[in-house]
>>> print(open('structure_17.cif').read())   # mmCIF, C-alpha atoms
data_structure
loop_
_atom_site.group_PDB
_atom_site.id
_atom_site.type_symbol
_atom_site.label_atom_id
_atom_site.label_comp_id
_atom_site.auth_asym_id
_atom_site.auth_seq_id
_atom_site.Cartn_x
_atom_site.Cartn_y
_atom_site.Cartn_z
ATOM 1 C CA MET A 1 0.000 0.000 0.000
ATOM 2 C CA ARG A 2 1.210 3.499 -0.871
ATOM 3 C CA LEU A 3 0.339 6.212 1.635
ATOM 4 C CA VAL A 4 0.695 9.933 0.989
ATOM 5 C CA GLN A 5 0.181 13.292 2.594
ATOM 6 C CA PHE A 6 -1.463 15.858 0.342
ATOM 7 C CA THR A 7 -3.194 19.200 0.176
ATOM 8 C CA LYS A 8 -5.846 20.388 -2.256
ATOM 9 C CA ARG A 9 -4.517 22.658 -4.989
ATOM 10 C CA ALA A 10 -7.688 24.718 -4.600
ATOM 11 C CA GLU A 11 -6.856 25.301 -0.926
ATOM 12 C CA PRO A 12 -3.163 26.270 -0.793
ATOM 13 C CA GLY A 13 -1.680 26.441 2.667
ATOM 14 C CA GLY A 14 -4.064 23.897 4.137
ATOM 15 C CA GLU A 15 -3.084 21.206 6.586
ATOM 16 C CA PRO A 16 -1.765 18.036 4.911
ATOM 17 C CA ARG A 17 -4.219 15.140 4.829
ATOM 18 C CA LEU A 18 -3.495 11.428 4.834
ATOM 19 C CA GLY A 19 -4.406 9.540 1.690
ATOM 20 C CA VAL A 20 -4.140 6.166 -0.019
ATOM 21 C CA TRP A 21 -2.566 6.200 -3.488
ATOM 22 C CA ARG A 22 -4.801 3.728 -5.271
ATOM 23 C CA GLU A 23 -3.970 1.373 -8.139
ATOM 24 C CA ASP A 24 -6.230 3.408 -10.444
ATOM 25 C CA GLY A 25 -3.970 6.428 -9.942
ATOM 26 C CA ARG A 26 -6.341 8.377 -7.738
ATOM 27 C CA VAL A 27 -5.857 9.330 -4.092
ATOM 28 C CA ALA A 28 -8.472 8.419 -1.484
ATOM 29 C CA ALA A 29 -8.539 10.815 1.449
ATOM 30 C CA VAL A 30 -8.733 9.201 4.873
ATOM 31 C CA ARG A 31 -11.995 10.128 6.543
ATOM 32 C CA GLU A 32 -10.451 10.818 9.908
ATOM 33 C CA ALA A 33 -8.330 13.969 9.908
ATOM 34 C CA THR A 34 -4.908 12.634 10.812
ATOM 35 C CA SER A 35 -1.277 13.014 9.856
ATOM 36 C CA MET A 36 0.983 10.230 8.671
ATOM 37 C CA LYS A 37 2.823 10.216 11.986
ATOM 38 C CA ALA A 38 -0.462 9.998 13.906
ATOM 39 C CA TRP A 39 -1.522 7.070 11.721
ATOM 40 C CA ILE A 40 1.780 5.259 12.313
ATOM 41 C CA GLU A 41 1.378 5.787 16.050
ATOM 42 C CA ARG A 42 -2.152 4.409 15.816
ATOM 43 C CA THR A 43 -0.988 1.270 14.011
ATOM 44 C CA ALA A 44 1.712 0.796 16.647
ATOM 45 C CA ALA A 45 -0.895 0.916 19.400
ATOM 46 C CA SER A 46 -3.207 -1.494 17.594
ATOM 47 C CA GLY A 47 -1.059 -4.601 17.976
ATOM 48 C CA ASP A 48 -1.892 -5.472 14.346
ATOM 49 C CA PRO A 49 -0.338 -2.757 12.172
ATOM 50 C CA ALA A 50 -0.547 -4.821 8.979
ATOM 51 C CA GLY A 51 -4.229 -5.521 9.543
ATOM 52 C CA LEU A 52 -5.019 -1.903 10.316
ATOM 53 C CA ASN A 53 -3.187 -0.773 7.191
ATOM 54 C CA ARG A 54 -5.139 -3.260 5.090
ATOM 55 C CA ALA A 55 -8.346 -1.819 6.514
ATOM 56 C CA LEU A 56 -7.294 1.736 5.747
ATOM 57 C CA ALA A 57 -9.471 1.837 2.635
ATOM 58 C CA ASP A 58 -12.466 1.615 4.957
ATOM 59 C CA TYR A 59 -11.422 4.948 6.451
ATOM 60 C CA ALA A 60 -11.219 6.653 3.055
ATOM 61 C CA GLU A 61 -13.955 8.773 1.530
ATOM 62 C CA GLU A 62 -13.272 11.475 -1.063
ATOM 63 C CA LEU A 63 -11.407 10.493 -4.229
ATOM 64 C CA TYR A 64 -9.075 12.942 -5.942
ATOM 65 C CA GLU A 65 -7.359 12.967 -9.302
ATOM 66 C CA PHE A 66 -3.678 13.878 -9.100
ATOM 67 C CA GLY A 67 -4.370 17.156 -10.861
ATOM 68 C CA GLU A 68 -6.529 18.202 -7.932
ATOM 69 C CA ILE A 69 -3.954 17.641 -5.207
ATOM 70 C CA ARG A 70 -0.427 18.563 -4.278
ATOM 71 C CA LEU A 71 1.753 15.845 -2.810
ATOM 72 C CA GLU A 72 3.518 16.895 0.377
ATOM 73 C CA ALA A 73 6.356 15.151 2.192
ATOM 74 C CA PRO A 74 4.866 11.833 3.379
ATOM 75 C CA ILE A 75 5.925 12.605 6.933
ATOM 76 C CA HIS A 76 6.852 16.126 7.993
ATOM 77 C CA ASN A 77 7.374 15.822 11.744
ATOM 78 C CA PRO A 78 9.527 12.804 12.680
ATOM 79 C CA GLU A 79 11.084 12.863 16.118
ATOM 80 C CA LYS A 80 14.390 11.796 14.577
ATOM 81 C CA MET A 81 15.964 11.629 11.139
ATOM 82 C CA ILE A 82 19.168 9.588 11.197
ATOM 83 C CA PHE A 83 21.317 9.425 8.075
ATOM 84 C CA VAL A 84 24.010 6.855 7.347
ATOM 85 C CA GLY A 85 27.125 8.019 5.539
ATOM 86 C CA LEU A 86 29.523 5.971 3.397
ATOM 87 C CA ASN A 87 27.282 2.899 3.376
ATOM 88 C CA TYR A 88 28.187 1.682 -0.125
ATOM 89 C CA TYR A 89 31.723 0.446 -0.808
ATOM 90 C CA ASP A 90 32.126 2.317 -4.085
ATOM 91 C CA HIS A 91 30.758 5.541 -2.628
ATOM 92 C CA ALA A 92 33.370 5.422 0.139
ATOM 93 C CA ALA A 93 36.021 4.944 -2.547
ATOM 94 C CA GLU A 94 34.841 7.854 -4.709
ATOM 95 C CA SER A 95 34.785 10.057 -1.584
ATOM 96 C CA ASN A 96 38.413 9.093 -0.811
ATOM 97 C CA MET A 97 37.344 7.825 2.595
ATOM 98 C CA ALA A 98 37.983 4.521 4.321
ATOM 99 C CA VAL A 99 35.252 1.899 4.462
ATOM 100 C CA PRO A 100 33.746 2.397 7.937
ATOM 101 C CA GLU A 101 33.957 -0.303 10.589
ATOM 102 C CA VAL A 102 30.755 0.963 12.231
ATOM 103 C CA PRO A 103 27.990 3.055 10.656
ATOM 104 C CA VAL A 104 28.794 6.736 10.151
ATOM 105 C CA LEU A 105 25.796 8.710 11.403
ATOM 106 C CA PHE A 106 24.559 12.285 11.206
ATOM 107 C CA PRO A 107 21.186 13.971 11.791
ATOM 108 C CA LYS A 108 18.884 16.081 9.757
ATOM 109 C CA TYR A 109 15.861 17.868 11.156
ATOM 110 C CA ALA A 110 12.338 18.811 10.139
ATOM 111 C CA ASN A 111 13.560 22.124 8.666
ATOM 112 C CA SER A 112 15.248 20.113 5.894
ATOM 113 C CA ILE A 113 12.136 18.187 4.844
ATOM 114 C CA VAL A 114 10.353 19.135 1.655
ATOM 115 C CA GLY A 115 8.029 17.151 -0.564
ATOM 116 C CA PRO A 116 8.098 15.888 -4.145
ATOM 117 C CA GLU A 117 6.647 19.105 -5.559
ATOM 118 C CA ASP A 118 8.863 21.495 -3.604
ATOM 119 C CA ASP A 119 11.999 23.320 -4.672
ATOM 120 C CA VAL A 120 15.360 22.805 -3.002
ATOM 121 C CA ILE A 121 16.872 26.177 -2.169
ATOM 122 C CA ILE A 122 20.660 26.438 -2.534
ATOM 123 C CA PRO A 123 21.887 29.058 -0.027
ATOM 124 C CA GLU A 124 24.097 31.832 -1.342
ATOM 125 C CA GLU A 125 26.921 30.468 0.873
ATOM 126 C CA VAL A 126 26.904 27.117 -0.968
ATOM 127 C CA SER A 127 28.755 26.594 -4.252
ATOM 128 C CA GLN A 128 29.156 22.784 -4.112
ATOM 129 C CA CYS A 129 25.621 21.425 -3.786
ATOM 130 C CA ASP A 130 25.367 17.647 -4.340
ATOM 131 C CA TYR A 131 22.631 15.004 -4.703
ATOM 132 C CA GLU A 132 22.345 11.602 -2.966
ATOM 133 C CA VAL A 133 19.508 9.143 -3.653
ATOM 134 C CA GLU A 134 18.724 6.977 -0.614
ATOM 135 C CA LEU A 135 16.264 4.327 0.499
ATOM 136 C CA ALA A 136 14.780 5.440 3.808
ATOM 137 C CA VAL A 137 13.184 3.237 6.471
ATOM 138 C CA VAL A 138 10.172 4.488 8.434
ATOM 139 C CA ILE A 139 10.005 3.100 11.960
ATOM 140 C CA GLY A 140 6.596 1.784 12.986
ATOM 141 C CA ARG A 141 6.803 1.191 16.723
ATOM 142 C CA LYS A 142 8.769 2.095 19.826
ATOM 143 C CA THR A 143 11.968 0.060 19.635
ATOM 144 C CA LYS A 144 14.903 -0.369 22.005
ATOM 145 C CA ARG A 145 17.691 -2.963 22.085
ATOM 146 C CA VAL A 146 16.522 -5.323 19.382
ATOM 147 C CA SER A 147 18.705 -7.875 17.641
ATOM 148 C CA PRO A 148 19.119 -7.860 13.850
ATOM 149 C CA ALA A 149 16.823 -10.891 13.733
ATOM 150 C CA GLU A 150 14.097 -8.922 15.530
ATOM 151 C CA ALA A 151 14.699 -5.598 13.830
ATOM 152 C CA MET A 152 12.385 -5.821 10.833
ATOM 153 C CA ALA A 153 9.361 -6.031 13.136
ATOM 154 C CA ALA A 154 10.035 -2.369 13.889
ATOM 155 C CA VAL A 155 9.569 -1.252 10.264
ATOM 156 C CA PHE A 156 6.389 0.499 9.116
ATOM 157 C CA GLY A 157 7.463 1.111 5.547
ATOM 158 C CA TYR A 158 9.863 2.753 3.135
ATOM 159 C CA THR A 159 10.261 6.024 1.268
ATOM 160 C CA ILE A 160 12.844 7.896 -0.821
ATOM 161 C CA VAL A 161 15.081 10.646 0.516
ATOM 162 C CA ASN A 162 17.516 12.797 -1.429
ATOM 163 C CA ASP A 163 20.318 13.616 1.012
ATOM 164 C CA VAL A 164 21.235 16.948 -0.565
ATOM 165 C CA SER A 165 24.645 18.043 0.710
ATOM 166 C CA ALA A 166 26.759 21.196 0.704
ATOM 167 C CA ARG A 167 30.197 19.652 0.159
ATOM 168 C CA ASP A 168 32.064 22.942 0.597
ATOM 169 C CA ILE A 169 30.697 23.154 4.149
ATOM 170 C CA GLN A 170 30.498 19.436 4.990
ATOM 171 C CA LEU A 171 34.100 18.612 4.099
ATOM 172 C CA THR A 172 35.863 21.682 5.501
ATOM 173 C CA GLU A 173 34.491 22.030 9.021
ATOM 174 C CA GLY A 174 35.379 18.732 10.724
ATOM 175 C CA GLN A 175 31.724 17.767 11.167
ATOM 176 C CA TRP A 176 28.896 17.131 8.745
ATOM 177 C CA THR A 177 25.747 18.505 10.335
ATOM 178 C CA ARG A 178 25.902 22.126 9.152
ATOM 179 C CA GLY A 179 26.546 21.074 5.567
ATOM 180 C CA LYS A 180 23.782 18.468 5.636
ATOM 181 C CA ALA A 181 20.932 19.857 7.772
ATOM 182 C CA ILE A 182 20.299 22.922 5.620
ATOM 183 C CA ASP A 183 16.746 24.143 5.017
ATOM 184 C CA THR A 184 15.067 22.087 2.206
ATOM 185 C CA PHE A 185 18.033 19.657 1.950
ATOM 186 C CA ALA A 186 15.984 16.509 2.668
ATOM 187 C CA PRO A 187 13.410 16.089 -0.120
ATOM 188 C CA MET A 188 11.233 13.079 0.724
ATOM 189 C CA GLY A 189 8.513 11.097 -1.022
ATOM 190 C CA PRO A 190 6.510 10.674 -3.090
ATOM 191 C CA CYS A 191 4.876 8.214 -0.681
ATOM 192 C CA ILE A 192 5.481 5.687 2.068
ATOM 193 C CA VAL A 193 5.135 2.112 0.877
ATOM 194 C CA THR A 194 4.086 -0.175 3.717
ATOM 195 C CA LYS A 195 6.408 -3.010 4.666
ATOM 196 C CA ASP A 196 4.147 -5.756 3.341
ATOM 197 C CA ALA A 197 4.371 -4.354 -0.208
ATOM 198 C CA ILE A 198 8.164 -4.766 -0.474
ATOM 199 C CA SER A 199 9.274 -8.343 -0.026
ATOM 200 C CA ASP A 200 13.015 -7.651 0.276
ATOM 201 C CA PRO A 201 14.321 -4.115 0.855
ATOM 202 C CA GLY A 202 17.810 -5.551 0.431
ATOM 203 C CA GLU A 203 17.186 -6.157 -3.285
ATOM 204 C CA LEU A 204 15.948 -2.823 -4.627
ATOM 205 C CA ASP A 205 17.307 -0.895 -7.593
ATOM 206 C CA LEU A 206 17.879 2.795 -6.982
ATOM 207 C CA SER A 207 18.997 5.589 -9.255
ATOM 208 C CA LEU A 208 19.252 9.332 -9.615
ATOM 209 C CA ILE A 209 18.599 11.219 -12.839
ATOM 210 C CA LEU A 210 19.951 14.764 -13.233
ATOM 211 C CA ASN A 211 18.413 16.809 -16.052
ATOM 212 C CA GLY A 212 17.576 13.585 -17.895
ATOM 213 C CA SER A 213 20.985 11.902 -17.460
ATOM 214 C CA ALA A 214 21.559 8.908 -15.162
ATOM 215 C CA MET A 215 24.104 9.767 -12.473
ATOM 216 C CA GLN A 216 23.594 7.025 -9.854
ATOM 217 C CA GLN A 217 22.539 3.422 -10.442
ATOM 218 C CA ALA A 218 22.882 0.667 -7.849
ATOM 219 C CA ASN A 219 21.044 -1.910 -5.769
ATOM 220 C CA THR A 220 20.536 -2.028 -2.012
ATOM 221 C CA ARG A 221 22.216 -5.448 -1.951
ATOM 222 C CA ASP A 222 25.451 -3.417 -2.061
ATOM 223 C CA LEU A 223 24.849 -1.784 1.338
ATOM 224 C CA ILE A 224 27.738 -2.254 3.765
ATOM 225 C CA PHE A 225 25.404 -2.231 6.776
ATOM 226 C CA ASP A 226 21.960 -3.605 5.944
ATOM 227 C CA ILE A 227 18.637 -2.468 7.376
ATOM 228 C CA PRO A 228 18.341 -5.064 10.189
ATOM 229 C CA TYR A 229 21.866 -4.251 11.347
ATOM 230 C CA LEU A 230 21.250 -0.491 11.274
ATOM 231 C CA ILE A 231 18.037 -0.735 13.291
ATOM 232 C CA SER A 232 19.695 -3.008 15.833
ATOM 233 C CA PHE A 233 22.817 -0.823 16.045
ATOM 234 C CA LEU A 234 20.844 2.371 16.601
ATOM 235 C CA SER A 235 18.425 0.807 19.071
ATOM 236 C CA ARG A 236 21.245 -0.145 21.415
ATOM 237 C CA THR A 237 21.698 3.455 22.522
ATOM 238 C CA MET A 238 18.557 5.335 21.466
ATOM 239 C CA THR A 239 14.880 4.550 21.524
ATOM 240 C CA LEU A 240 13.448 4.547 18.019
ATOM 241 C CA MET A 241 9.938 5.979 17.857
ATOM 242 C CA PRO A 242 7.038 5.633 15.397
ATOM 243 C CA GLY A 243 7.672 7.892 12.432
ATOM 244 C CA ASP A 244 11.444 8.066 12.867
ATOM 245 C CA ILE A 245 13.405 7.985 9.608
ATOM 246 C CA ILE A 246 16.598 6.028 8.980
ATOM 247 C CA SER A 247 18.100 6.975 5.612
ATOM 248 C CA THR A 248 20.396 4.143 4.614
ATOM 249 C CA GLY A 249 23.088 5.882 2.555
ATOM 250 C CA THR A 250 23.807 6.670 -1.075
ATOM 251 C CA PRO A 251 25.552 4.651 -3.787
ATOM 252 C CA PRO A 252 28.382 5.898 -6.038
ATOM 253 C CA GLY A 253 27.883 8.484 -8.742
ATOM 254 C CA VAL A 254 27.485 11.627 -6.641
ATOM 255 C CA GLY A 255 28.707 14.923 -8.045
ATOM 256 C CA LEU A 256 31.650 14.989 -5.649
ATOM 257 C CA GLY A 257 33.121 11.817 -7.127
ATOM 258 C CA ARG A 258 32.988 12.892 -10.771
ATOM 259 C CA LYS A 259 35.887 14.326 -12.722
ATOM 260 C CA PRO A 260 35.334 17.174 -12.969
ATOM 261 C CA PRO A 261 32.845 17.409 -10.083
ATOM 262 C CA VAL A 262 29.210 18.091 -10.947
ATOM 263 C CA TRP A 263 27.499 20.588 -8.665
ATOM 264 C CA LEU A 264 23.785 21.360 -8.650
ATOM 265 C CA LYS A 265 22.847 24.795 -9.918
ATOM 266 C CA ASP A 266 19.826 26.993 -10.417
ATOM 267 C CA GLY A 267 17.223 25.307 -12.621
ATOM 268 C CA ASP A 268 18.551 21.758 -12.294
ATOM 269 C CA VAL A 269 16.058 18.928 -11.747
ATOM 270 C CA THR A 270 16.764 15.598 -10.046
ATOM 271 C CA GLU A 271 14.640 12.465 -10.010
ATOM 272 C CA ALA A 272 15.537 10.059 -7.208
ATOM 273 C CA ARG A 273 14.069 6.627 -7.925
ATOM 274 C CA VAL A 274 13.743 3.477 -5.827
ATOM 275 C CA GLN A 275 12.183 0.276 -7.140
ATOM 276 C CA GLY A 276 8.713 -0.330 -5.740
ATOM 277 C CA ILE A 277 8.356 3.192 -4.337
ATOM 278 C CA GLY A 278 8.460 5.614 -7.248
ATOM 279 C CA SER A 279 10.226 8.806 -8.213
ATOM 280 C CA LEU A 280 11.033 11.880 -6.128
ATOM 281 C CA ARG A 281 11.417 14.899 -8.414
ATOM 282 C CA ASN A 282 12.734 18.262 -7.260
ATOM 283 C CA ARG A 283 13.973 21.458 -8.849
ATOM 284 C CA TYR A 284 16.879 23.518 -7.483
ATOM 285 C CA VAL A 285 16.713 27.266 -6.993
ATOM 286 C CA GLN A 286 19.732 29.409 -6.185
ATOM 287 C CA GLU A 287 19.070 31.785 -3.317
ATOM 288 C CA GLN A 288 19.596 35.358 -4.370
ATOM 289 C CA LYS A 289 22.108 37.406 -2.461
ATOM 290 C CA GLU A 290 20.509 39.970 -0.228
ATOM 291 C CA SER A 291 21.392 43.542 -1.062
ATOM 292 C CA ASP A 292 23.576 45.370 1.439
ATOM 293 C CA PRO A 293 21.291 47.785 3.343
ATOM 294 C CA ARG A 294 24.288 50.131 3.718
ATOM 295 C CA ALA A 295 24.658 50.458 -0.043
#
>>> encode(input="structure_17.cif", output="structure tokens")
Amino acid sequence: MRLVQFTKRAEPGGEPRLGVWREDGRVAAVREATSMKAWIERTAASGDPAGLNRALADYAEELYEFGEIRLEAPIHNPEKMIFVGLNYYDHAAESNMAVPEVPVLFPKYANSIVGPEDDVIIPEEVSQCDYEVELAVVIGRKTKRVSPAEAMAAVFGYTIVNDVSARDIQLTEGQWTRGKAIDTFAPMGPCIVTKDAISDPGELDLSLILNGSAMQQANTRDLIFDIPYLISFLSRTMTLMPGDIISTGTPPGVGLGRKPPVWLKDGDVTEARVQGIGSLRNRYVQEQKESDPRA
């Protein structure tokens, strides 16, 4: 099942609503006014999240054509967003960094989240803006100290995240957060696919298309640390909560690793694709320099 958050194009600025992206291409609004995070929390409390998700169609009422709605980020208020760096062997190599012995982690926050119809704003301070397609895991229940064998029970579903990165900040300051957690630098979507709809998240093709040209192409079988390991590793020291996002890392082909490097610029468009989920399309807009009030 594909779940979305959306607003009506006729009512810009409205609160996002939860919807089911149906096989006929239309979106069924959920009758009860609720956010994606609230729905995930409800499934966690039910004791039968798969059954409640299957019954979600019973909660739906109005049907919308895609032209009538605007897709928003499928979850806009996670308690935590945890990103994994250098989690593909070839990406570590192209970054001139050693293959990590334990997962390399960094956070992003809600300020970075935008949806599949939003622009990514490149700040005037950034001249080396890069793309990173990633499969992201959405946690479905409160989880602490689980083994890898138990870890997949914690998963609600999967989505796509583009881990947009300012390399000129990330790689010159001795830490990654300021160059990663920039406003709009975590496009997400277009939907959350529930766990039951993807039989093996460790066998998914993913790619990134920049202005019509393929830049990244890989499969999640190439992950250094797989999803069960990551959930188990994180849960040893932090409690994972419903709606938390774990973004599993990007494969090779990023702009940083190309010769010469390829940096995102005003007007560029990326499409981040993951098998079984869809395509996350975003345009990039260069922030204009503010005029000096003393001039």
>>> atom_distance(input="structure_17.cif", atom1="CA of Thr159 (chain A)", atom2="CA of Pro190 (chain A)")
7.4 Å
>>> closest_residue(input="structure_17.cif", among="A:Glu203, A:Glu61, A:Asp118, A:Glu15", to="Asp183 (chain A)", atoms="only C-alpha atoms")
A:Asp118
>>> residues_near_point(input="structure_17.cif", point="(23.7, 14.9, -6.4)", cutoff="7 Å", atoms="only C-alpha atoms", output="number ranges by chain")
A: 130-132, 164, 254-255, 264
>>> closest_residue(input="structure_17.cif", among="A:Met238, A:Val285, A:Ala197, A:Ile246", to="Met1 (chain A)", atoms="all atoms listed in the file")
A:Ala197
>>> atom_distance(input="structure_17.cif", atom1="CA of Ala44 (chain A)", atom2="CA of Gly157 (chain A)")
12.5 Å
>>> residues_around(input="structure_17.cif", residues="region 142-144 of chain A", least_positions_apart="4", cutoff="10 Å", atoms="all atoms listed in the file", output="PyMOL selection string")
chain A and resi 41+44-45+151+153-155+231-244
>>> resolve_selection(input="structure_17.cif", expression="the PyMOL selection byres ((chain A and resi 209) around 12)", output="mmCIF file with C-alpha atoms, in the coordinates of the input")
data_model
loop_
_atom_site.group_PDB
_atom_site.id
_atom_site.type_symbol
_atom_site.label_atom_id
_atom_site.label_comp_id
_atom_site.auth_asym_id
_atom_site.auth_seq_id
_atom_site.Cartn_x
_atom_site.Cartn_y
_atom_site.Cartn_z
ATOM 1 C CA TYR A 131 22.631 15.004 -4.703
ATOM 2 C CA GLU A 132 22.345 11.602 -2.966
ATOM 3 C CA VAL A 133 19.508 9.143 -3.653
ATOM 4 C CA ASN A 162 17.516 12.797 -1.429
ATOM 5 C CA LEU A 206 17.879 2.795 -6.982
ATOM 6 C CA SER A 207 18.997 5.589 -9.255
ATOM 7 C CA LEU A 208 19.252 9.332 -9.615
ATOM 8 C CA LEU A 210 19.951 14.764 -13.233
ATOM 9 C CA ASN A 211 18.413 16.809 -16.052
ATOM 10 C CA GLY A 212 17.576 13.585 -17.895
ATOM 11 C CA SER A 213 20.985 11.902 -17.460
ATOM 12 C CA ALA A 214 21.559 8.908 -15.162
ATOM 13 C CA MET A 215 24.104 9.767 -12.473
ATOM 14 C CA GLN A 216 23.594 7.025 -9.854
ATOM 15 C CA GLN A 217 22.539 3.422 -10.442
ATOM 16 C CA GLY A 253 27.883 8.484 -8.742
ATOM 17 C CA VAL A 254 27.485 11.627 -6.641
ATOM 18 C CA GLY A 255 28.707 14.923 -8.045
ATOM 19 C CA ASP A 268 18.551 21.758 -12.294
ATOM 20 C CA VAL A 269 16.058 18.928 -11.747
ATOM 21 C CA THR A 270 16.764 15.598 -10.046
ATOM 22 C CA GLU A 271 14.640 12.465 -10.010
ATOM 23 C CA ALA A 272 15.537 10.059 -7.208
ATOM 24 C CA ARG A 273 14.069 6.627 -7.925
ATOM 25 C CA VAL A 274 13.743 3.477 -5.827
ATOM 26 C CA SER A 279 10.226 8.806 -8.213
ATOM 27 C CA LEU A 280 11.033 11.880 -6.128
ATOM 28 C CA ARG A 281 11.417 14.899 -8.414
ATOM 29 C CA ASN A 282 12.734 18.262 -7.260
ATOM 30 C CA ARG A 283 13.973 21.458 -8.849
#
>>> closest_residue(input="structure_17.cif", among="A:Glu124, A:Thr177, A:Pro49, A:Ile192", to="Met36 (chain A)", atoms="only C-alpha atoms")
A:Ile192
>>> resolve_selection(input="structure_17.cif", expression="the PyMOL selection byres ((chain A and resi 94) around 10)", output="list in words")
Leu86, Tyr89, Asp90, His91, Ala92, Ala93, Ser95, Asn96, Met97, Pro251, Pro252, Gly253, Val254, Gly255, Leu256, Gly257 and Arg258 of chain A
>>> atom_distance(input="structure_17.cif", atom1="CA of Gln275 (chain A)", atom2="CA of Leu135 (chain A)")
9.6 Å
>>> axis_aligned_box(input="structure_17.cif", around="region 258-275 of chain A", padding_each_side="4 Å", output="lines of an AutoDock Vina configuration file")
center_x = 24.0
center_y = 13.6
center_z = -9.4
size_x = 31.7
size_y = 34.7
size_z = 15.1
>>> resolve_selection(input="structure_17.cif", expression="the PyMOL selection byres ((chain A and resi 3) around 8)", output="list in words")
Met1, Arg2, Val4, Gln5, Leu18, Gly19, Val20, Trp21, Pro74, Cys191, Ile192, Val193 and Thr194 of chain A
>>> closest_residue(input="structure_17.cif", among="A:Ile69, A:Glu11, A:Arg141, A:Lys195", to="Ser46 (chain A)", atoms="all atoms listed in the file")
A:Arg141
>>> residues_around(input="structure_17.cif", residues="Leu230 (chain A)", least_positions_apart="6", cutoff="10 Å", atoms="all atoms listed in the file", output="count of residues only")
8
